[in-house]
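The next block holds one structure in the form of structure tokens; read it before the comments.
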Amino acid sequence: MFTLGSSRRRVAVFGAAVAVTALALSACSTDSSSNVPGGDDAADVTDVQAMLAGAPVADDALFTAGSTMEKIRERGTLIVGEALDAPLLSQQDPANPDDVAGFDAYLAQLLSVYIFGEPSVEIVPPASETREALLQNGTVDVVFNTYTITEERAEQITFAGPYFSSGLAVAVKADNDEIKGIDDLGGKTVIVGANTPAVLAVPEEQPTAELVDFATDPQAVQALLQGRGDAYVQDYTLLASNAAANSDLKVVGQPFTAEPYGIGLGFGDTEFKDFINNWLLEIQDGGQWGQAWTYSLGTVVESEIPTPPTIGSVPGS
Amino acid sequence: MEIFTENAGLLLDAIGTTLLMVLVAGVGSLILGVLVTVARVSPIPILRRAAFLYVQFFINVPLLALLLLAVFALPDAGLILPLLPTAIIVLTVYEAAYVAEAVRSGINTVSVGQIEASRALGLTLWQSLRLIVIPQSLRAVVQPLGNVMIALAMNTALAAVVGVVELTSRVNKINLVYAQPIEIFTGAGLAYMLIALAIGLAAGRIERKVAILR
Amino acid sequence: MSESDKPQTQAATPAMVSLRAVDKHYGPLHVLQNINLEVAEREVVVVVGPSGSGKSTLCRTINRLETIDSGQIALDGKPLPVEGAQLAQLRSEVGMVFQSFNLFAHLSILENITLAPINVLKMTKADAKREALELLARVGIADKADQFPAQLSGGQQQRAAIARALAMHPKVMLFDEPTSALDPEMVGEVLEVMTSLAAEGMTMVVVTHEMGFARRAAHRVVFMDAGQIVEENTPAEFFDHPESERARTFLASILAH
């Protein structure tokens, strides 16, 4: 599935966003991407292994006959729709493809431990625009992909969770003293990540802002630093990690939206949804949720472990 | 279906941008491609070499990489252009390499006798290229050039990656709201198919019209 | 046309075409060996010889479609330029008719004829067209002006090709086996045009197997074999009293058919 398409004759609608990442990282290697999150202060592999070793495993009684979780257990591996290029959330180590690190990645591994007793995850990197289709046609079992719960999406697929709550914030060049937050973006050119919540959220807050979207986060950062836009609106934690890695960029103001991330499931699979919500509660209580945060987003955000959102608290979940 | 009616204005706008890219880059790449071919068959070794390298470079570097380089690397070199013109320029120089290859294969269909006859009449090399060789080559490669233009139309979708709001980018955004990828991308796919079909039909028409009886 | 009707050449004028000590090799093959040939203004020279004798190559060196290894070629007293604009200029003064016609396949007959006058002689389109139509009438295919080469018979195509060459007002016409690619019934119409051209005093070098034409229209016959000029003489003398053994063998083989 992770193909770097060089075939020029195909209809390049799908896959472009996926293919671009590897190129973006190599083609645009400036100082902005030299400090990859997950470097020095990232979690030790042994920490993660310890977290997984101590993680809860589901009771056999939970695998009711004919249920999705039973089929997955029969198969022996959990197929997850999950990014390979999202720093701190789910990023593949180019030198070691089996090593996928980040908050979403750790949660997916924890879920597989819950089902099998040991981690067994197969990753299908989805383009943001194909997540619903991947779930609907059964290509993946679950999606961990900063998948914001919305009511429109909930008509196509079912969300478990929310398992994490984030929000969009504004980043500008370090020498910009004019823009102090979302309120100052009227009439400005605003860079956003293609297919991220910012594409919809920015026009709601600032209808006169002009949007330019780029496929990956490194591209968007590069575009901001090259002056293709006045500001970059993205998930707060992602911006914080960018700012930590690159002193030419700073985050201004507080998050102006609440983005509840859900776990995407096949539409109407309430049995599986209950199973996963149950698991979420178990890892919250068991401390693995907090560990997963500490080993990923916690490495760049200087704050206590946040309180997880209440399961089922969002319309659409 | 209401997805398409509710967003008709935005979609038409985006299709307009896609068509603009196809048209401008199409005409540009045809002209540039022919010039590259002329350089490639010219008697001046350095021109021939340069044209060869041009074709090899653009055929062997993925379009996506070129787009990313043009959008993100050129500004570092002090050259910053708006996104749409950048994408059009990249598409033009990229497709020109394929046009050049197609036209060169057409040149091979022009018999030596045609060139000898033109030289014997006192036409200069440039005149015989312009008046005899290129027109005959182009007539022989209408269909292959049509295919290059279809590929160009498909390749415009890659401009979405670098922030150009054309058809693919627009349907991505609409899908973000409606979360109905199958309907939305099927619709976009059909639009691309229609563009390709139109180019193919036009190529067929032109071919019948200009075909050389032999 | 009888011998007395042929325009008489004037010995005093300098040669229109002059080849001196011309040599050419194709790899190990010595295709032209020390060729010396002068063609006077208004003279018609027919070159005959077995295939592979070098007669076509000889014809093509005169406007430098073939280069030579050594020797000199001059046209109207001026040595042949090597390349570039001067060569193009010289070629424009030499008409050439090919065995395979080589009409431009993508142009109509009229456009074939007006192309070079417009682009090389810088004639106006109207003038070029008027002259082209006159020439087409002269070669007997005025009604074909708007057709494309492939729509014409071989004989008609070759007559159009002659008209195309004449449109440049050449000082000399080269014919490289102009009837060899034609069906027998079309040979006559082309030879007829060539004969009348000769009668009008055009300087011509004709490579051909048509001995009847040579006898009828030529002032001089040049016989080549194995890259050399073996014999040259008036048609009557050459055909009736060939001097060399090789010419006798050649004539015998042709007349046997």
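For the structure tokens, the naming scheme is as follows: chains receive sequential letters (A, B, ...) according to their order of presentation, residues are indexed from 1 within each chain, and ligands are indexed from 1 in presentation order.
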
When the cut-off is 9 Å and we count only C-alpha atoms, which residues of chain B are near chain C, given as an mmCIF file with all heavy atoms, in the first residue's frame?
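Result file is result-v5.cif:
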data_model
loop_
_atom_site.group_PDB
_atom_site.id
_atom_site.type_symbol
_atom_site.label_atom_id
_atom_site.label_comp_id
_atom_site.auth_asym_id
_atom_site.auth_seq_id
_atom_site.Cartn_x
_atom_site.Cartn_y
_atom_site.Cartn_z
ATOM 1 N N SER B 111 11.125 10.476 -44.534
ATOM 2 C CA SER B 111 12.148 9.777 -45.305
ATOM 3 C C SER B 111 13.284 10.714 -45.689
ATOM 4 O O SER B 111 13.116 11.929 -45.778
ATOM 5 C CB SER B 111 11.534 9.161 -46.563
ATOM 6 O OG SER B 111 11.212 10.189 -47.465
ATOM 7 N N GLY B 113 14.556 11.054 -48.437
ATOM 8 C CA GLY B 113 14.263 11.704 -49.721
ATOM 9 C C GLY B 113 13.604 13.063 -49.536
ATOM 10 O O GLY B 113 13.883 14.006 -50.277
ATOM 11 N N GLN B 114 12.717 13.165 -48.537
ATOM 12 C CA GLN B 114 12.038 14.437 -48.287
ATOM 13 C C GLN B 114 13.059 15.510 -47.903
ATOM 14 O O GLN B 114 12.978 16.656 -48.332
ATOM 15 C CB GLN B 114 11.025 14.269 -47.147
ATOM 16 C CG GLN B 114 9.926 13.270 -47.451
ATOM 17 C CD GLN B 114 8.856 13.846 -48.350
ATOM 18 O OE1 GLN B 114 8.311 14.896 -48.077
ATOM 19 N NE2 GLN B 114 8.592 13.177 -49.446
ATOM 20 N N ILE B 115 14.018 15.106 -47.082
ATOM 21 C CA ILE B 115 15.022 16.073 -46.624
ATOM 22 C C ILE B 115 15.959 16.436 -47.773
ATOM 23 O O ILE B 115 16.273 17.607 -47.996
ATOM 24 C CB ILE B 115 15.797 15.487 -45.425
ATOM 25 C CG1 ILE B 115 14.818 15.255 -44.266
ATOM 26 C CG2 ILE B 115 16.927 16.412 -44.999
ATOM 27 C CD1 ILE B 115 15.272 14.255 -43.241
ATOM 28 N N GLU B 116 16.368 15.405 -48.556
ATOM 29 C CA GLU B 116 17.236 15.682 -49.708
ATOM 30 C C GLU B 116 16.551 16.627 -50.682
ATOM 31 O O GLU B 116 17.158 17.564 -51.198
ATOM 32 C CB GLU B 116 17.594 14.380 -50.424
ATOM 33 C CG GLU B 116 18.665 13.601 -49.714
ATOM 34 C CD GLU B 116 19.191 12.447 -50.559
ATOM 35 O OE1 GLU B 116 18.514 12.072 -51.538
ATOM 36 O OE2 GLU B 116 20.273 11.938 -50.224
ATOM 37 N N ALA B 117 15.256 16.387 -50.925
ATOM 38 C CA ALA B 117 14.548 17.240 -51.870
ATOM 39 C C ALA B 117 14.513 18.680 -51.369
ATOM 40 O O ALA B 117 14.688 19.625 -52.139
ATOM 41 C CB ALA B 117 13.128 16.724 -52.071
ATOM 42 N N SER B 118 14.306 18.854 -50.061
ATOM 43 C CA SER B 118 14.231 20.225 -49.551
ATOM 44 C C SER B 118 15.595 20.894 -49.605
ATOM 45 O O SER B 118 15.710 22.064 -49.950
ATOM 46 C CB SER B 118 13.660 20.224 -48.124
ATOM 47 O OG SER B 118 14.573 19.620 -47.238
ATOM 48 N N ARG B 119 16.645 20.121 -49.290
ATOM 49 C CA ARG B 119 17.977 20.716 -49.360
ATOM 50 C C ARG B 119 18.346 21.027 -50.813
ATOM 51 O O ARG B 119 18.978 22.037 -51.099
ATOM 52 C CB ARG B 119 19.037 19.783 -48.749
ATOM 53 C CG ARG B 119 18.783 19.381 -47.315
ATOM 54 C CD ARG B 119 18.558 20.556 -46.384
ATOM 55 N NE ARG B 119 19.653 21.511 -46.292
ATOM 56 C CZ ARG B 119 20.713 21.381 -45.500
ATOM 57 N NH1 ARG B 119 20.820 20.337 -44.722
ATOM 58 N NH2 ARG B 119 21.642 22.303 -45.462
ATOM 59 N N ALA B 120 17.952 20.145 -51.726
ATOM 60 C CA ALA B 120 18.281 20.349 -53.136
ATOM 61 C C ALA B 120 17.603 21.604 -53.688
ATOM 62 O O ALA B 120 18.082 22.213 -54.637
ATOM 63 C CB ALA B 120 17.879 19.127 -53.959
ATOM 64 N N LEU B 121 16.474 21.993 -53.071
ATOM 65 C CA LEU B 121 15.787 23.202 -53.534
ATOM 66 C C LEU B 121 16.417 24.469 -52.975
ATOM 67 O O LEU B 121 16.003 25.567 -53.312
ATOM 68 C CB LEU B 121 14.312 23.156 -53.120
ATOM 69 C CG LEU B 121 13.421 22.265 -53.976
ATOM 70 C CD1 LEU B 121 12.096 22.048 -53.290
ATOM 71 C CD2 LEU B 121 13.226 22.872 -55.351
ATOM 72 N N GLY B 122 17.401 24.307 -52.099
ATOM 73 C CA GLY B 122 18.078 25.477 -51.563
ATOM 74 C C GLY B 122 17.534 25.929 -50.228
ATOM 75 O O GLY B 122 17.886 26.999 -49.738
ATOM 76 N N LEU B 123 16.659 25.110 -49.590
ATOM 77 C CA LEU B 123 16.206 25.467 -48.252
ATOM 78 C C LEU B 123 17.366 25.280 -47.275
ATOM 79 O O LEU B 123 18.131 24.328 -47.397
ATOM 80 C CB LEU B 123 15.040 24.577 -47.819
ATOM 81 C CG LEU B 123 13.750 24.660 -48.638
ATOM 82 C CD1 LEU B 123 12.720 23.686 -48.095
ATOM 83 C CD2 LEU B 123 13.184 26.060 -48.629
ATOM 84 N N THR B 124 17.465 26.186 -46.330
ATOM 85 C CA THR B 124 18.490 26.003 -45.301
ATOM 86 C C THR B 124 18.037 24.889 -44.371
ATOM 87 O O THR B 124 16.892 24.449 -44.410
ATOM 88 C CB THR B 124 18.677 27.285 -44.474
ATOM 89 O OG1 THR B 124 17.435 27.575 -43.819
ATOM 90 C CG2 THR B 124 19.064 28.459 -45.348
ATOM 91 N N LEU B 125 18.952 24.470 -43.511
ATOM 92 C CA LEU B 125 18.626 23.388 -42.578
ATOM 93 C C LEU B 125 17.410 23.772 -41.739
ATOM 94 O O LEU B 125 16.477 22.998 -41.551
ATOM 95 C CB LEU B 125 19.827 23.119 -41.671
ATOM 96 C CG LEU B 125 19.553 22.094 -40.571
ATOM 97 C CD1 LEU B 125 19.371 20.714 -41.162
ATOM 98 C CD2 LEU B 125 20.660 22.092 -39.534
ATOM 99 N N GLN B 127 15.102 25.936 -42.394
ATOM 100 C CA GLN B 127 13.886 25.965 -43.212
ATOM 101 C C GLN B 127 13.372 24.562 -43.471
ATOM 102 O O GLN B 127 12.162 24.329 -43.413
ATOM 103 C CB GLN B 127 14.154 26.671 -44.554
ATOM 104 C CG GLN B 127 14.207 28.189 -44.440
ATOM 105 C CD GLN B 127 14.557 28.841 -45.759
ATOM 106 O OE1 GLN B 127 15.379 28.323 -46.525
ATOM 107 N NE2 GLN B 127 13.953 29.987 -46.040
ATOM 108 N N LEU B 131 9.733 23.699 -42.335
ATOM 109 C CA LEU B 131 8.712 23.582 -43.380
ATOM 110 C C LEU B 131 8.401 22.146 -43.759
ATOM 111 O O LEU B 131 7.300 21.851 -44.207
ATOM 112 C CB LEU B 131 9.160 24.351 -44.626
ATOM 113 C CG LEU B 131 9.361 25.857 -44.420
ATOM 114 C CD1 LEU B 131 10.080 26.479 -45.600
ATOM 115 C CD2 LEU B 131 8.023 26.540 -44.181
ATOM 116 N N ILE B 132 9.367 21.261 -43.591
ATOM 117 C CA ILE B 132 9.163 19.882 -44.070
ATOM 118 C C ILE B 132 9.188 18.881 -42.911
ATOM 119 O O ILE B 132 8.227 18.159 -42.681
ATOM 120 C CB ILE B 132 10.274 19.497 -45.084
ATOM 121 C CG1 ILE B 132 10.367 20.539 -46.198
ATOM 122 C CG2 ILE B 132 10.028 18.097 -45.629
ATOM 123 C CD1 ILE B 132 9.119 20.694 -47.020
ATOM 124 N N PRO B 135 6.609 19.652 -39.651
ATOM 125 C CA PRO B 135 5.188 19.425 -39.983
ATOM 126 C C PRO B 135 4.868 17.955 -40.265
ATOM 127 O O PRO B 135 3.849 17.450 -39.817
ATOM 128 C CB PRO B 135 4.971 20.275 -41.240
ATOM 129 C CG PRO B 135 6.033 21.308 -41.189
ATOM 130 C CD PRO B 135 7.208 20.670 -40.525
ATOM 131 N N GLN B 136 5.763 17.273 -40.968
ATOM 132 C CA GLN B 136 5.491 15.858 -41.249
ATOM 133 C C GLN B 136 5.592 15.022 -39.976
ATOM 134 O O GLN B 136 4.795 14.108 -39.767
ATOM 135 C CB GLN B 136 6.459 15.328 -42.307
ATOM 136 C CG GLN B 136 6.202 15.922 -43.677
ATOM 137 C CD GLN B 136 6.845 15.111 -44.794
ATOM 138 O OE1 GLN B 136 7.208 13.966 -44.621
ATOM 139 N NE2 GLN B 136 6.994 15.737 -45.957
ATOM 140 N N ARG B 139 2.459 15.477 -37.843
ATOM 141 C CA ARG B 139 1.308 14.757 -38.385
ATOM 142 C C ARG B 139 1.379 13.285 -38.065
ATOM 143 O O ARG B 139 0.369 12.619 -37.894
ATOM 144 C CB ARG B 139 1.246 14.952 -39.899
ATOM 145 C CG ARG B 139 0.686 16.306 -40.309
ATOM 146 C CD ARG B 139 0.984 16.551 -41.775
ATOM 147 N NE ARG B 139 0.159 17.581 -42.351
ATOM 148 C CZ ARG B 139 0.392 18.869 -42.235
ATOM 149 N NH1 ARG B 139 1.428 19.279 -41.526
ATOM 150 N NH2 ARG B 139 -0.390 19.760 -42.804
ATOM 151 N N VAL B 210 -5.251 15.785 -40.711
ATOM 152 C CA VAL B 210 -3.913 16.141 -41.210
ATOM 153 C C VAL B 210 -3.123 14.930 -41.685
ATOM 154 O O VAL B 210 -2.005 15.082 -42.142
ATOM 155 C CB VAL B 210 -3.078 16.866 -40.134
ATOM 156 C CG1 VAL B 210 -3.796 18.114 -39.680
ATOM 157 C CG2 VAL B 210 -2.750 15.941 -38.988
ATOM 158 N N ALA B 211 -3.701 13.743 -41.535
ATOM 159 C CA ALA B 211 -2.932 12.554 -41.881
ATOM 160 C C ALA B 211 -2.351 12.670 -43.285
ATOM 161 O O ALA B 211 -2.990 13.195 -44.200
ATOM 162 C CB ALA B 211 -3.821 11.324 -41.801
ATOM 163 N N ILE B 212 -1.127 12.202 -43.431
ATOM 164 C CA ILE B 212 -0.472 12.272 -44.732
ATOM 165 C C ILE B 212 -0.785 11.001 -45.502
ATOM 166 O O ILE B 212 -0.564 9.908 -45.017
ATOM 167 C CB ILE B 212 1.047 12.387 -44.553
ATOM 168 C CG1 ILE B 212 1.366 13.627 -43.734
ATOM 169 C CG2 ILE B 212 1.731 12.437 -45.902
ATOM 170 C CD1 ILE B 212 2.809 13.692 -43.320
ATOM 171 N N LEU B 213 -1.326 11.164 -46.686
ATOM 172 C CA LEU B 213 -1.495 10.005 -47.562
ATOM 173 C C LEU B 213 -0.117 9.587 -48.039
ATOM 174 O O LEU B 213 0.702 10.412 -48.405
ATOM 175 C CB LEU B 213 -2.341 10.399 -48.777
ATOM 176 C CG LEU B 213 -3.790 10.775 -48.485
ATOM 177 C CD1 LEU B 213 -4.392 11.473 -49.686
ATOM 178 C CD2 LEU B 213 -4.577 9.533 -48.155
ATOM 179 N N ARG B 214 0.117 8.296 -47.995
ATOM 180 C CA ARG B 214 1.406 7.843 -48.513
ATOM 181 C C ARG B 214 1.203 6.759 -49.546
ATOM 182 O O ARG B 214 0.205 6.093 -49.546
ATOM 183 C CB ARG B 214 2.283 7.309 -47.386
ATOM 184 C CG ARG B 214 2.798 8.419 -46.512
ATOM 185 C CD ARG B 214 3.831 7.879 -45.532
ATOM 186 N NE ARG B 214 3.999 8.800 -44.416
ATOM 187 C CZ ARG B 214 4.816 9.847 -44.439
ATOM 188 N NH1 ARG B 214 5.530 10.104 -45.504
ATOM 189 N NH2 ARG B 214 4.921 10.620 -43.382
#

Exercise. Near Ala40 (chain C), counting only C-alpha atoms, which residues have an atom at most 7 Å away, once you skip same-chain residues fewer than 5 positions from it, shown as a VMD selection string?
Worked result: chain C and resid 9 14 to 17

Problem set entry | Residues of chain B within 9 Å of chain A, counting only C-alpha atoms, as a PyMOL selection string | chain B and resi 61-65+68-69+71-73+75-76+80+82-83+150-152+154-158+160-165+168-169+172-173+175-182+185+188-189+192

For this session: For region 209-223 of chain C, list every protein, DNA or RNA residue within 8 Å, evaluated using only C-alpha atoms, and leave out those in the same chain fewer than 6 positions away; present the list as JSON, numbers by chain.
Result: {"C": [1, 2, 3, 6, 43, 44, 45, 46, 47, 48, 49, 177, 180, 191, 195, 198, 199, 229, 230, 231, 232, 233, 234, 235, 236, 238, 239, 247]}

Exercise. Could you pull out the alpha helix (DSSP H) residues of region 74-195 of chain A from DSSP and send them as a ChimeraX atom specification?
Worked result: /A:74-75,103-116,131-136,151-154

For this session: Tell me, as a PyMOL selection string, which residues lie within 12 Å of Phe58 (chain B), counting only C-alpha atoms; anything in the same chain fewer than 3 positions away does not count.
Result: (chain A and resi 8) or (chain B and resi 33+51-55+61-67+90-101)

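Near Leu19 (chain C), within 7 Å and counting only C-alpha atoms, sit Ile35, Asn36, Leu37, Glu38, Gln72, Ile73 and Ala74 of chain C; same-chain residues fewer than 5 positions away were not included.
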
For this session: Name all residues at most 10 Å from Thr307 (chain A) (count only C-alpha atoms; drop same-chain ones fewer than 5 positions away) and give them as an MDAnalysis selection string.
Result: chainID A and resid 164:165 284 289:290

For this session: Could you check how far CA of Gln49 (chain A) sits from CA of Ala61 (chain A), in Å to one decimal?
Result: 26.4 Å

Seminar exercise, completed: One decimal place gives the CA of Val205 (chain C)-CA of Leu174 (chain C) separation as 4.9 Å

For this session: Using CA of Val252 (chain A) and CA of Phe144 (chain A) as the two end points, give the distance in Å to one decimal.
Result: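 About the pair CA of Val252 (chain A) and CA of Phe144 (chain A): they are 27.9 Å apart.
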
For this session: Within 8 Å of Leu110 (chain C), counting only C-alpha atoms, which residues show up once you throw out same-chain ones fewer than 6 positions away? Write them as a VMD selection string, please.
Result: chain C and resid 129 132 to 133 145 to 146
